[in-house]
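The file data_38.txt comes next; it holds compact mmCIF, C-alpha atoms.
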```
# COMPACT_ATOMS: atom_id res chain seq x y z
CA MET A 1 87.63 54.94 88.46
CA ARG A 2 87.68 57.93 90.79
CA LEU A 3 85.91 57.82 94.16
CA LEU A 4 85.11 60.45 96.78
CA VAL A 5 85.27 59.70 100.51
CA VAL A 6 83.67 62.28 102.83
CA GLU A 7 84.50 61.27 106.41
CA ASP A 8 85.51 63.52 109.32
CA ASP A 9 87.26 60.75 111.26
CA LYS A 10 90.71 61.04 109.70
CA LYS A 11 91.76 57.56 110.80
CA ILE A 12 88.74 55.95 109.11
CA ALA A 13 89.15 58.19 106.04
CA SER A 14 92.80 57.19 105.69
CA PHE A 15 91.90 53.50 106.12
CA LEU A 16 89.24 53.75 103.42
CA ALA A 17 91.48 55.66 101.03
CA LYS A 18 94.33 53.19 101.40
CA GLY A 19 92.10 50.15 100.90
CA LEU A 20 90.31 51.61 97.88
CA GLN A 21 93.59 52.69 96.29
CA GLU A 22 94.96 49.19 96.75
CA ALA A 23 91.83 47.94 94.95
CA GLY A 24 92.78 50.13 91.98
CA PHE A 25 90.65 53.23 92.54
CA VAL A 26 91.76 56.85 92.51
CA VAL A 27 90.47 58.39 95.76
CA ASP A 28 89.85 61.95 96.91
CA VAL A 29 89.20 62.49 100.63
CA SER A 30 87.34 65.31 102.36
CA ASN A 31 86.86 65.68 106.12
CA ASP A 32 84.21 68.41 105.81
CA GLY A 33 80.69 68.38 104.39
CA LEU A 34 80.96 71.68 102.52
CA ASP A 35 84.31 70.76 101.02
CA GLY A 36 82.96 67.32 100.05
CA LEU A 37 79.97 68.95 98.36
CA SER A 38 82.24 71.31 96.43
CA LEU A 39 84.35 68.38 95.19
CA ALA A 40 81.28 66.35 94.21
CA LEU A 41 79.87 69.31 92.26
CA THR A 42 83.06 69.96 90.30
CA GLU A 43 84.83 66.61 89.84
CA PRO A 44 83.71 63.50 87.89
CA TYR A 45 83.36 60.72 90.47
CA GLY A 46 82.19 57.18 89.85
CA ALA A 47 80.79 56.90 93.39
CA ALA A 48 80.99 58.47 96.85
CA VAL A 49 81.20 57.17 100.42
CA VAL A 50 79.61 59.72 102.76
CA ASP A 51 79.40 59.83 106.56
CA ILE A 52 76.33 61.47 108.12
CA MET A 53 77.86 63.42 111.02
CA LEU A 54 80.14 65.96 109.33
CA PRO A 55 81.31 69.52 110.04
CA GLY A 56 80.07 72.18 107.66
CA ILE A 57 76.93 70.39 106.51
CA ASP A 58 75.81 66.89 107.45
CA GLY A 59 76.03 64.01 104.98
CA LEU A 60 72.29 63.77 104.30
CA THR A 61 72.12 67.45 103.42
CA LEU A 62 75.14 66.99 101.17
CA ILE A 63 73.37 64.16 99.33
CA GLU A 64 70.15 66.15 99.01
CA LYS A 65 72.04 69.07 97.47
CA LEU A 66 73.67 66.74 94.94
CA ARG A 67 70.33 65.25 93.95
CA SER A 68 68.71 68.68 93.68
CA ARG A 69 71.37 69.54 91.09
CA HIS A 70 70.75 66.28 89.21
CA ILE A 71 74.10 64.75 90.14
CA ASP A 72 73.30 61.05 90.23
CA ILE A 73 76.59 59.46 91.32
CA PRO A 74 75.98 56.39 93.50
CA VAL A 75 76.35 57.25 97.20
CA LEU A 76 77.10 54.74 99.95
CA ILE A 77 76.20 56.17 103.36
CA LEU A 78 78.58 55.08 106.13
CA SER A 79 77.29 55.91 109.60
CA ALA A 80 77.29 54.93 113.27
CA ARG A 81 73.51 55.40 113.24
CA GLN A 82 72.07 51.91 113.00
CA SER A 83 68.32 52.01 113.59
CA VAL A 84 65.94 50.99 110.80
CA ASP A 85 64.50 54.52 110.78
CA ASP A 86 67.99 55.98 110.23
CA ARG A 87 68.60 53.66 107.29
CA ILE A 88 65.24 54.45 105.74
CA GLU A 89 65.85 58.19 106.09
CA GLY A 90 69.27 57.87 104.46
CA LEU A 91 67.86 56.04 101.46
CA GLN A 92 64.83 58.33 101.16
CA ARG A 93 67.05 61.43 101.12
CA GLY A 94 69.09 60.19 98.18
CA GLY A 95 71.53 57.52 99.37
CA ASP A 96 71.88 54.36 97.28
CA ASP A 97 73.16 52.07 100.03
CA TYR A 98 73.75 52.25 103.78
CA MET A 99 76.41 50.62 105.96
CA VAL A 100 76.78 50.82 109.73
CA LYS A 101 80.08 51.36 111.57
CA PRO A 102 82.05 49.32 112.49
CA PHE A 103 82.17 47.72 109.05
CA SER A 104 83.98 45.10 107.01
CA PHE A 105 86.13 46.73 104.34
CA ASN A 106 85.64 43.76 102.02
CA GLU A 107 81.87 44.15 102.27
CA LEU A 108 82.15 47.91 101.67
CA LEU A 109 84.30 47.28 98.59
CA ALA A 110 81.81 44.72 97.27
CA ARG A 111 78.93 47.15 97.77
CA ILE A 112 80.78 49.95 95.95
CA GLN A 113 81.53 47.60 93.06
CA ALA A 114 77.85 46.61 92.92
CA LEU A 115 76.78 50.28 92.87
CA LEU A 116 79.24 50.98 90.06
CA ARG A 117 77.97 48.03 88.02
CA ARG A 118 74.37 49.12 88.41
CA GLY A 119 75.20 52.73 87.58
CA GLN A 120 77.15 51.88 84.46
CA GLN A 121 74.61 49.34 83.25
CA ALA A 122 71.90 52.01 83.58
CA SER A 123 73.78 54.28 81.19
CA GLU A 124 75.96 53.80 78.18
CA PRO A 125 79.15 51.91 79.06
CA ARG A 126 82.03 54.34 79.09
CA THR A 127 85.26 53.01 77.62
CA LEU A 128 88.26 55.31 77.82
CA GLN A 129 90.34 55.39 74.65
CA VAL A 130 93.58 57.08 73.59
CA GLY A 131 94.84 55.96 70.20
CA ASP A 132 94.56 52.16 70.13
CA LEU A 133 94.67 51.92 73.94
CA GLN A 134 91.35 51.14 75.63
CA LEU A 135 90.35 50.92 79.29
CA ASP A 136 86.97 49.52 80.31
CA PRO A 137 86.24 50.64 83.92
CA LEU A 138 83.28 48.27 84.23
CA LYS A 139 85.32 45.16 83.38
CA ARG A 140 88.55 46.71 84.70
CA GLU A 141 90.10 45.57 81.44
CA VAL A 142 92.92 47.18 79.45
CA ARG A 143 93.66 46.48 75.79
CA ARG A 144 96.06 47.89 73.26
CA GLY A 145 95.05 46.86 69.80
CA GLU A 146 94.29 43.14 70.05
CA ASP A 147 96.48 42.64 73.14
CA LYS A 148 94.92 42.34 76.59
CA ILE A 149 97.19 43.92 79.20
CA GLU A 150 97.16 42.81 82.83
CA LEU A 151 97.98 45.57 85.31
CA PRO A 152 98.35 45.46 89.11
CA ALA A 153 96.25 47.92 91.10
CA LYS A 154 98.65 50.90 91.26
CA GLU A 155 99.53 50.71 87.55
CA TYR A 156 95.85 50.41 86.65
CA ALA A 157 95.00 53.45 88.83
CA LEU A 158 97.79 55.48 87.21
CA LEU A 159 96.67 54.53 83.70
CA GLU A 160 93.06 55.40 84.45
CA LEU A 161 94.15 58.76 85.90
CA MET A 162 96.29 59.49 82.83
CA MET A 163 93.52 58.48 80.42
CA HIS A 164 91.00 60.70 82.21
CA SER A 165 93.58 63.49 81.90
CA SER A 166 94.59 62.64 78.31
CA GLY A 167 96.59 65.47 76.73
CA ARG A 168 97.21 67.19 80.08
CA VAL A 169 100.54 67.04 81.88
CA LEU A 170 100.37 65.42 85.32
CA SER A 171 103.05 66.49 87.77
CA LYS A 172 104.76 63.99 90.06
CA THR A 173 103.13 65.80 92.98
CA SER A 174 99.60 65.29 91.64
CA ILE A 175 100.29 61.62 90.86
CA LEU A 176 101.64 61.03 94.37
CA GLU A 177 98.65 62.72 95.97
CA ARG A 178 96.09 60.89 93.81
CA ILE A 179 97.65 57.43 93.69
CA TYR A 180 99.59 57.23 96.95
CA ASP A 181 97.81 59.91 99.03
CA TYR A 182 100.86 61.51 100.63
CA SER A 183 102.80 64.72 100.23
CA PHE A 184 105.46 65.09 97.58
CA ASP A 185 108.99 64.20 98.63
CA PRO A 186 111.45 65.52 96.03
CA GLN A 187 113.85 62.72 96.94
CA THR A 188 111.49 59.87 96.11
CA ASN A 189 111.46 58.16 92.72
CA VAL A 190 108.30 56.13 93.33
CA VAL A 191 106.42 57.89 90.50
CA ASP A 192 109.27 57.39 88.03
CA VAL A 193 109.37 53.68 88.89
CA LEU A 194 105.58 53.34 88.53
CA VAL A 195 105.57 55.15 85.18
CA CYS A 196 108.46 52.98 83.96
CA ARG A 197 106.57 49.82 84.84
CA LEU A 198 103.45 51.07 83.09
CA ARG A 199 105.44 52.06 80.00
CA ASN A 200 106.89 48.57 79.81
CA LYS A 201 103.36 47.16 79.68
CA ILE A 202 101.63 49.53 77.26
CA ASP A 203 104.43 51.07 75.14
CA LYS A 204 107.47 48.82 74.94
CA LYS A 205 106.32 46.47 72.17
CA PHE A 206 104.40 49.10 70.20
CA LYS A 207 105.76 51.49 67.59
CA THR A 208 103.63 54.44 68.68
CA LYS A 209 104.47 55.58 72.22
CA LEU A 210 101.66 57.00 74.34
CA ILE A 211 103.34 57.98 77.63
CA HIS A 212 105.58 61.03 77.24
CA THR A 213 107.90 62.77 79.68
CA VAL A 214 107.64 66.55 79.79
CA ARG A 215 110.97 67.59 81.24
CA GLY A 216 110.66 69.55 84.47
CA MET A 217 106.89 69.16 84.52
CA GLY A 218 105.77 65.54 84.64
CA TYR A 219 104.09 63.00 82.37
CA VAL A 220 101.35 63.08 79.77
CA LEU A 221 99.39 60.38 77.93
CA ARG A 222 98.64 61.26 74.33
CA ALA A 223 98.61 59.73 70.87
CA GLU A 224 100.94 61.72 68.65
```

Just give me the structure as C-alpha cells.
Amino acid sequence: MRLLVVEDDKKIASFLAKGLQEAGFVVDVSNDGLDGLSLALTEPYGAAVVDIMLPGIDGLTLIEKLRSRHIDIPVLILSARQSVDDRIEGLQRGGDDYMVKPFSFNELLARIQALLRRGQQASEPRTLQVGDLQLDPLKREVRRGEDKIELPAKEYALLELMMHSSGRVLSKTSILERIYDYSFDPQTNVVDVLVCRLRNKIDKKFKTKLIHTVRGMGYVLRAE
C-alpha cells in the first residue's frame, strides 16, 4: 500500500516516513502543498497524511481540491491546531480523521489502518495478482498458489511496489527511494540483498520464476 505524507516540518515528515515504511507501507513525502496536490492527483495512494500549515497552498485547500476532482482517498489531517472548531472545519472540508500534534505514532498508524479498512470495505476489495502470486493489501496477506508466504515489512513493501509496477522495470535507485527513502549510493548492495531474500520466498520452490533481473537496468516482476 502506498501512502502520501504532506508535511513541511522535515523532521516530522522523516519520522512519519520511516515509521510507516517499517510498518510495510511505501511512502512518498512532500513538504509543499502544491507539490503534494500534484502527487495526489497523479499517483494512486491508499491514504494521505496532510498537515494544515503548508507552503504553496494550505492543507485544507489541498483536500478541498482533491474532493472537487472526486479523488476520495482517505485523508488524516495532522495539525497543531487543537480547538474543537478547528477539528470540525477539517472534517467538514473533506478530511476523514484529525490528529493533534504532538501525537503518538502507534495511534496514528492505527488510525491509518482503520481508514484503509473502511475505504476498502466500501469498494470492491482489490487483490493484486501476477501469475499465481496474490497480494491482499487489506489482509496484508501474500499467497503463491496454495502456499501462504510470510514476509517482513521491507520485503512486503518491495513486493507490493513490484506488483503495482508489474511488467515495468524498477531501477535500484527508485527502489531505494521508495522503500528506504534515501539517495542512491552506487556502492550499496542493499537492494540486491532485499531482492534476493524476496526471491527465496516467492520463487525458489516454484518452477515459474516471477522476479527477473534486467542487466544494467534493475528488476521486474512478470509472469513469463

Check your understanding: Excluding same-chain residues fewer than 4 positions from A:Thr61, what lies within 9 Å of it counting only C-alpha atoms, as an MDAnalysis selection string?
Key -> chainID A and resid 33 52 57 65:66 93

Point to revise | 8 Å contact set for A:Met217, all atoms listed in the file, chain neighbours under 6 positions out, as number ranges by chain | key: A: 169-172

Review point. So how many Å separate atom CA of A:Leu210 and atom CA of A:Val190, to one decimal?
Key: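 Those two atoms sit 20.1 Å apart.
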
Practice item. Between A:Ala17, A:Ile175, A:Leu159, A:Leu138, single out the one closest to A:Arg222, counting all atoms listed in the file. Key: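 Between A:Ala17, A:Ile175, A:Leu159, A:Leu138, the residue approaching A:Arg222 most closely is A:Leu159.
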
Exercise for review: Have a look at atom CA of A:His164 and atom CA of A:Ser68 and let me know their distance in Å, one decimal.
Suggested key: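 Between these atoms lies a distance of 26.3 Å.
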
Exercise for review: Go through A:Leu34, A:Val191, A:Val50, A:Val27 one by one, measure the shortest atom-to-atom distance of each to A:Asp9 using all atoms listed in the file, and give the residue with the smallest value.
Suggested key: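 Among A:Leu34, A:Val191, A:Val50, A:Val27, it is A:Val50 that comes nearest to A:Asp9.
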
Review point. Quick one: distance from atom CA of A:Ser104 to atom CA of A:Glu22 in Å, one decimal?
Key: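 Result for atom CA of A:Ser104 versus atom CA of A:Glu22: 15.6 Å, one decimal.
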